[in-house]
Every structure is written in structure tokens, then in C-alpha cells.
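Raw contents of query_1.csv, CSV, C-alpha atoms:
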```
chain,number,residue,atom,x,y,z
M,1,MET,CA,11.1,16.5,31.3
M,2,ASP,CA,7.9,14.6,32.1
M,3,ASN,CA,8.0,10.9,31.0
M,4,ARG,CA,4.5,11.3,29.5
M,5,GLN,CA,5.8,14.0,27.2
M,6,ALA,CA,8.7,11.8,26.1
M,7,ILE,CA,6.6,8.8,25.4
M,8,GLY,CA,3.8,10.7,23.7
M,9,SER,CA,0.1,11.0,24.1
M,10,TRP,CA,-2.1,8.2,22.9
M,11,LEU,CA,-4.0,10.9,21.0
M,12,SER,CA,-1.1,12.5,19.2
M,13,GLY,CA,1.3,9.5,19.1
M,14,PRO,CA,5.0,9.4,19.5
M,15,ARG,CA,5.8,11.0,16.1
M,16,GLN,CA,3.9,14.1,17.0
M,17,THR,CA,5.6,14.3,20.3
M,18,ALA,CA,9.0,13.9,18.7
M,19,GLU,CA,8.2,16.6,16.2
M,20,ASP,CA,7.1,18.9,19.1
M,21,MET,CA,10.5,18.2,20.7
M,22,GLY,CA,12.3,19.3,17.5
M,23,VAL,CA,13.0,16.0,15.7
M,24,GLU,CA,12.8,16.6,11.9
M,25,PHE,CA,11.3,13.6,9.9
M,26,GLY,CA,11.0,15.3,6.6
M,27,TYR,CA,8.1,14.5,4.2
M,28,ARG,CA,6.9,11.1,3.0
M,29,GLY,CA,9.1,9.9,0.2
M,30,GLU,CA,12.0,12.3,0.8
M,31,GLN,CA,14.4,9.4,1.6
M,32,LEU,CA,13.4,7.8,-1.7
M,33,GLY,CA,14.1,11.0,-3.7
M,34,LEU,CA,10.4,11.6,-4.5
M,35,PRO,CA,8.7,14.9,-4.7
M,36,GLU,CA,6.6,16.1,-1.7
M,37,HIS,CA,3.4,16.8,-3.8
M,38,GLY,CA,2.0,16.1,-7.2
M,39,PRO,CA,2.8,13.4,-9.7
M,40,GLY,CA,5.4,11.0,-8.6
M,41,SER,CA,4.9,11.7,-4.9
M,42,ILE,CA,4.0,8.9,-2.4
M,43,ALA,CA,0.4,8.0,-2.5
M,44,ARG,CA,-1.5,8.9,0.6
M,45,PRO,CA,-3.0,6.0,2.7
M,46,GLY,CA,-6.6,6.9,2.2
M,47,ARG,CA,-6.3,6.8,-1.6
M,48,ARG,CA,-4.4,3.5,-1.4
M,49,ILE,CA,-7.0,1.9,0.9
M,50,ALA,CA,-9.8,3.1,-1.4
M,51,ALA,CA,-8.0,1.6,-4.4
M,52,LEU,CA,-7.7,-1.7,-2.5
M,53,LEU,CA,-11.4,-1.6,-1.7
M,54,ILE,CA,-12.3,-1.1,-5.3
M,55,ASP,CA,-10.0,-4.0,-6.3
M,56,TRP,CA,-11.5,-6.2,-3.6
M,57,ALA,CA,-15.1,-5.5,-4.7
M,58,LEU,CA,-14.1,-6.3,-8.3
M,59,CYS,CA,-12.5,-9.6,-7.2
M,60,LEU,CA,-15.5,-10.5,-5.1
M,61,LEU,CA,-17.8,-9.9,-8.0
M,62,ILE,CA,-15.6,-12.0,-10.4
M,63,ALA,CA,-15.3,-14.8,-7.8
M,64,TYR,CA,-19.0,-14.8,-7.1
M,65,GLY,CA,-20.1,-14.7,-10.7
M,66,LEU,CA,-17.5,-17.1,-12.2
M,67,LEU,CA,-16.0,-19.3,-9.5
M,68,ALA,CA,-18.2,-19.7,-6.4
M,69,GLN,CA,-21.4,-20.8,-8.1
M,70,GLY,CA,-23.5,-18.5,-6.0
M,71,ASP,CA,-21.9,-19.4,-2.6
M,72,LEU,CA,-21.0,-16.1,-0.9
M,73,GLN,CA,-18.6,-17.7,1.6
M,74,ALA,CA,-16.8,-19.5,-1.2
M,75,ALA,CA,-16.7,-16.2,-3.2
M,76,GLY,CA,-14.6,-14.6,-0.4
M,77,ASN,CA,-12.1,-17.5,-0.5
M,78,TRP,CA,-11.9,-17.4,-4.3
M,79,ALA,CA,-11.6,-13.6,-4.2
M,80,VAL,CA,-8.1,-13.9,-2.6
M,81,LEU,CA,-6.9,-16.0,-5.5
M,82,VAL,CA,-8.5,-13.6,-8.0
M,83,LEU,CA,-6.8,-10.7,-6.3
M,84,LEU,CA,-3.4,-12.5,-6.5
M,85,VAL,CA,-3.9,-13.2,-10.2
M,86,MET,CA,-5.2,-9.7,-10.9
M,87,SER,CA,-2.3,-8.1,-9.1
M,88,LEU,CA,0.3,-10.3,-10.9
M,89,LEU,CA,-1.2,-9.5,-14.3
M,90,THR,CA,-1.9,-5.8,-13.9
M,91,VAL,CA,0.9,-4.6,-11.7
M,92,GLY,CA,3.3,-6.7,-13.7
M,93,THR,CA,2.3,-5.2,-17.0
M,94,ILE,CA,0.8,-1.7,-16.6
M,95,GLY,CA,1.9,-1.0,-13.0
M,96,SER,CA,-1.7,-0.5,-11.7
M,97,THR,CA,-4.6,-2.5,-10.6
M,98,PRO,CA,-8.0,-1.3,-11.8
M,99,GLY,CA,-8.6,0.4,-8.4
M,100,LYS,CA,-5.2,2.1,-8.5
M,101,ARG,CA,-5.8,3.2,-12.1
M,102,ILE,CA,-9.2,4.7,-11.2
M,103,LEU,CA,-7.7,6.7,-8.3
M,104,GLY,CA,-4.5,7.8,-10.2
M,105,LEU,CA,-1.9,5.5,-8.6
M,106,ARG,CA,0.9,3.4,-9.9
M,107,VAL,CA,3.3,0.9,-8.4
M,108,LEU,CA,7.0,1.4,-9.3
M,109,ALA,CA,10.3,0.0,-8.1
M,110,ASP,CA,11.9,2.3,-5.5
M,111,ASP,CA,14.4,3.3,-8.1
M,112,GLY,CA,11.6,4.7,-10.4
M,113,ASN,CA,11.6,1.8,-12.9
M,114,ARG,CA,8.9,-0.9,-13.5
M,115,LEU,CA,8.8,-3.8,-11.1
M,116,GLY,CA,10.3,-7.0,-12.3
M,117,PRO,CA,8.3,-10.3,-12.3
M,118,LEU,CA,9.9,-11.6,-9.1
M,119,ARG,CA,9.2,-8.4,-7.2
M,120,VAL,CA,5.6,-8.3,-8.5
M,121,LEU,CA,5.2,-11.9,-7.2
M,122,VAL,CA,6.6,-11.1,-3.8
M,123,ARG,CA,4.5,-8.0,-3.4
M,124,SER,CA,1.3,-9.7,-4.6
M,125,VAL,CA,1.7,-12.7,-2.3
M,126,LEU,CA,2.4,-10.5,0.7
M,127,LEU,CA,-0.5,-8.3,-0.1
M,128,CYS,CA,-2.8,-11.3,-0.2
M,129,LEU,CA,-1.5,-12.3,3.3
M,130,ALA,CA,-2.9,-8.9,4.5
M,131,ILE,CA,-0.7,-8.5,7.6
M,132,PRO,CA,2.4,-7.2,5.8
M,133,ALA,CA,0.2,-4.5,4.1
M,134,LEU,CA,-1.0,-3.3,7.5
M,135,ILE,CA,2.6,-2.6,8.8
M,136,TRP,CA,3.8,0.8,7.4
M,137,ASP,CA,7.1,2.6,7.6
M,138,ARG,CA,7.6,6.3,8.0
M,139,ASP,CA,7.2,6.9,4.3
M,140,GLY,CA,3.8,5.2,4.4
M,141,ARG,CA,4.9,2.1,2.5
M,142,GLY,CA,3.5,-1.2,3.6
M,143,LEU,CA,5.8,-4.0,4.5
M,144,HIS,CA,4.8,-5.8,1.2
M,145,ASP,CA,6.1,-2.8,-0.7
M,146,ARG,CA,9.3,-2.5,1.3
M,147,LEU,CA,10.2,-6.2,0.9
M,148,ALA,CA,9.5,-5.9,-2.9
M,149,ARG,CA,11.4,-2.6,-3.0
M,150,ALA,CA,8.3,-1.0,-4.5
M,151,VAL,CA,6.5,2.3,-3.9
M,152,GLN,CA,3.0,3.5,-4.8
M,153,VAL,CA,3.0,6.9,-6.3
M,154,ARG,CA,0.5,9.4,-7.7
M,155,ILE,CA,0.3,9.7,-11.5
```

Render the structure in this file as C-alpha cells.
Amino acid sequence: MDNRQAIGSWLSGPRQTAEDMGVEFGYRGEQLGLPEHGPGSIARPGRRIAALLIDWALCLLIAYGLLAQGDLQAAGNWAVLVLLVMSLLTVGTIGSTPGKRILGLRVLADDGNRLGPLRVLVRSVLLCLAIPALIWDRDGRGLHDRLARAVQVRI
């Protein structure tokens, strides 16, 4: 076997190469007992990123209008705090931020129940740090969700 084939192409990636070699990964969320498609299935990355962009725009608007007194640079700094508070309040109560609600997503505990306050706090703080949200597992969950034992699903 050619080493290039075992490592994977930079175009297809190692997962595709492993699948071509017969490794079965299953679908996203299978290990968590979630359905493959429809309500309750793992939210796709594009929809989750779009929800985060909606939330970020809302936080920037709130920070610029209420906290930064017209200073755009300060608004960006305040927006992180607004995002933290918004995430704590909305995910902790209804399970969705405004962006997630608009796009039909919800944050649940990995056992299907609502997240408790401590798990919402861990998830929200890690989300505001950004780096944990950029590291995903094979189910497509960010590190912030894994550490909080949470999952974002379609509703």
C-alpha cells in the first residue's frame, strides 16, 4: 500500500481515505443515540455557524448601542460579554440563543435533558474563548459542547 494512500490526500482528508479503505464511522450522532436526519439529529456545522453569526451581530448591535457609546472597537470587546450573558440566559432557560431559535436549533444535554446551570456556564465561557468551539469531534460537536456534555440538535 502506498503511504500517501494511508495518510490521505490533503484534498479528501484522512477520514475519506479511511472510509475508502473500509473503515465504518457511522453517521454524526449515532454514538449519542440520536437520529440520522430530522428533528433531534445533530445540527450541521453550517447551520450552527450561521446561528453564531446571527448571535454575534445581535451582540455587536447591543454593545454598540448600549455599552460602547459609539466606539466600534469597544463594542467588539463588550460584545463578548454580551454574548456570554445572552448565552447564559437563553441557553439556560429555553435552550436556544436567538440565532439558534431562528435557524431551528436547540442545545441539550447529551442525555436528551436540559442543561443544568453549571453546564451552561462551562459551555458559555468556553464558547466565548472561541478556540474550544473550533475543535470538533467526529460527531461535529465542538470542544465546548463536549466538555459541557451538550449537543446541538435540530428542532

- Choose the residue, out of M:Tyr27, M:Val120, M:Arg48, M:Pro35, that has the smallest atom-to-atom separation from M:Val85; count all atoms listed in the file. M:Val120

- Task: Select, from M:Gly99, M:Ala133, M:Gln73, M:Val91, the residue with the minimum atom-to-atom distance to M:Leu58, counting all atoms listed in the file.
- Result: M:Gly99

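Going from atom CA of M:Ala51 to atom CA of M:Lys100 covers 5.0 Å.
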
- Message: Show me, as number ranges by chain, the residues that have an atom within 9 Å of M:Arg141 when counting all atoms listed in the file, minus same-chain residues fewer than 5 positions from it.
- Response: M: 42-43, 45, 133, 135-136, 146, 150-152

- Query: Could you name the residues that touch stretch 108-110 of chain M at 10 Å or less, counting only C-alpha atoms, but leaving out those on the same chain fewer than 4 positions away, as JSON, numbers by chain?
  - Reply: {"M": [29, 32, 33, 34, 40, 91, 92, 95, 96, 114, 115, 116, 119, 120, 145, 146, 148, 149, 150, 151, 152, 153]}

- The residue from M:Asp139, M:Leu134, M:Leu89, M:Ile94 with the smallest atom-to-atom distance to M:Ile49, counting all atoms listed in the file, is M:Leu134

- Tell me, in Å to one decimal, how far atom CA of M:Asp111 is from atom CA of M:Glu36. 16.3 Å

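With all atoms listed in the file as the basis for measurement, M:His144 is the residue among M:His144, M:His37, M:Arg154, M:Arg47 that approaches M:Pro132 most closely.
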
- Task: Can you pull out every residue within 8 Å of M:Trp78, counting all atoms listed in the file, but drop anything in the same chain fewer than 2 positions away, and send it as a list in words?
- Result: Leu60, Ala63, Leu67, Ala68, Ala74, Ala75, Gly76, Val80, Leu81 and Val82 of chain M

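One finds atom CA of M:Met86 at 8.9 Å from atom CA of M:Pro98.
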
- Measuring atom to atom with only C-alpha atoms, identify which of M:Ala50, M:Ser41, M:Leu66, M:Phe25 is nearest to M:Gly112. M:Ser41
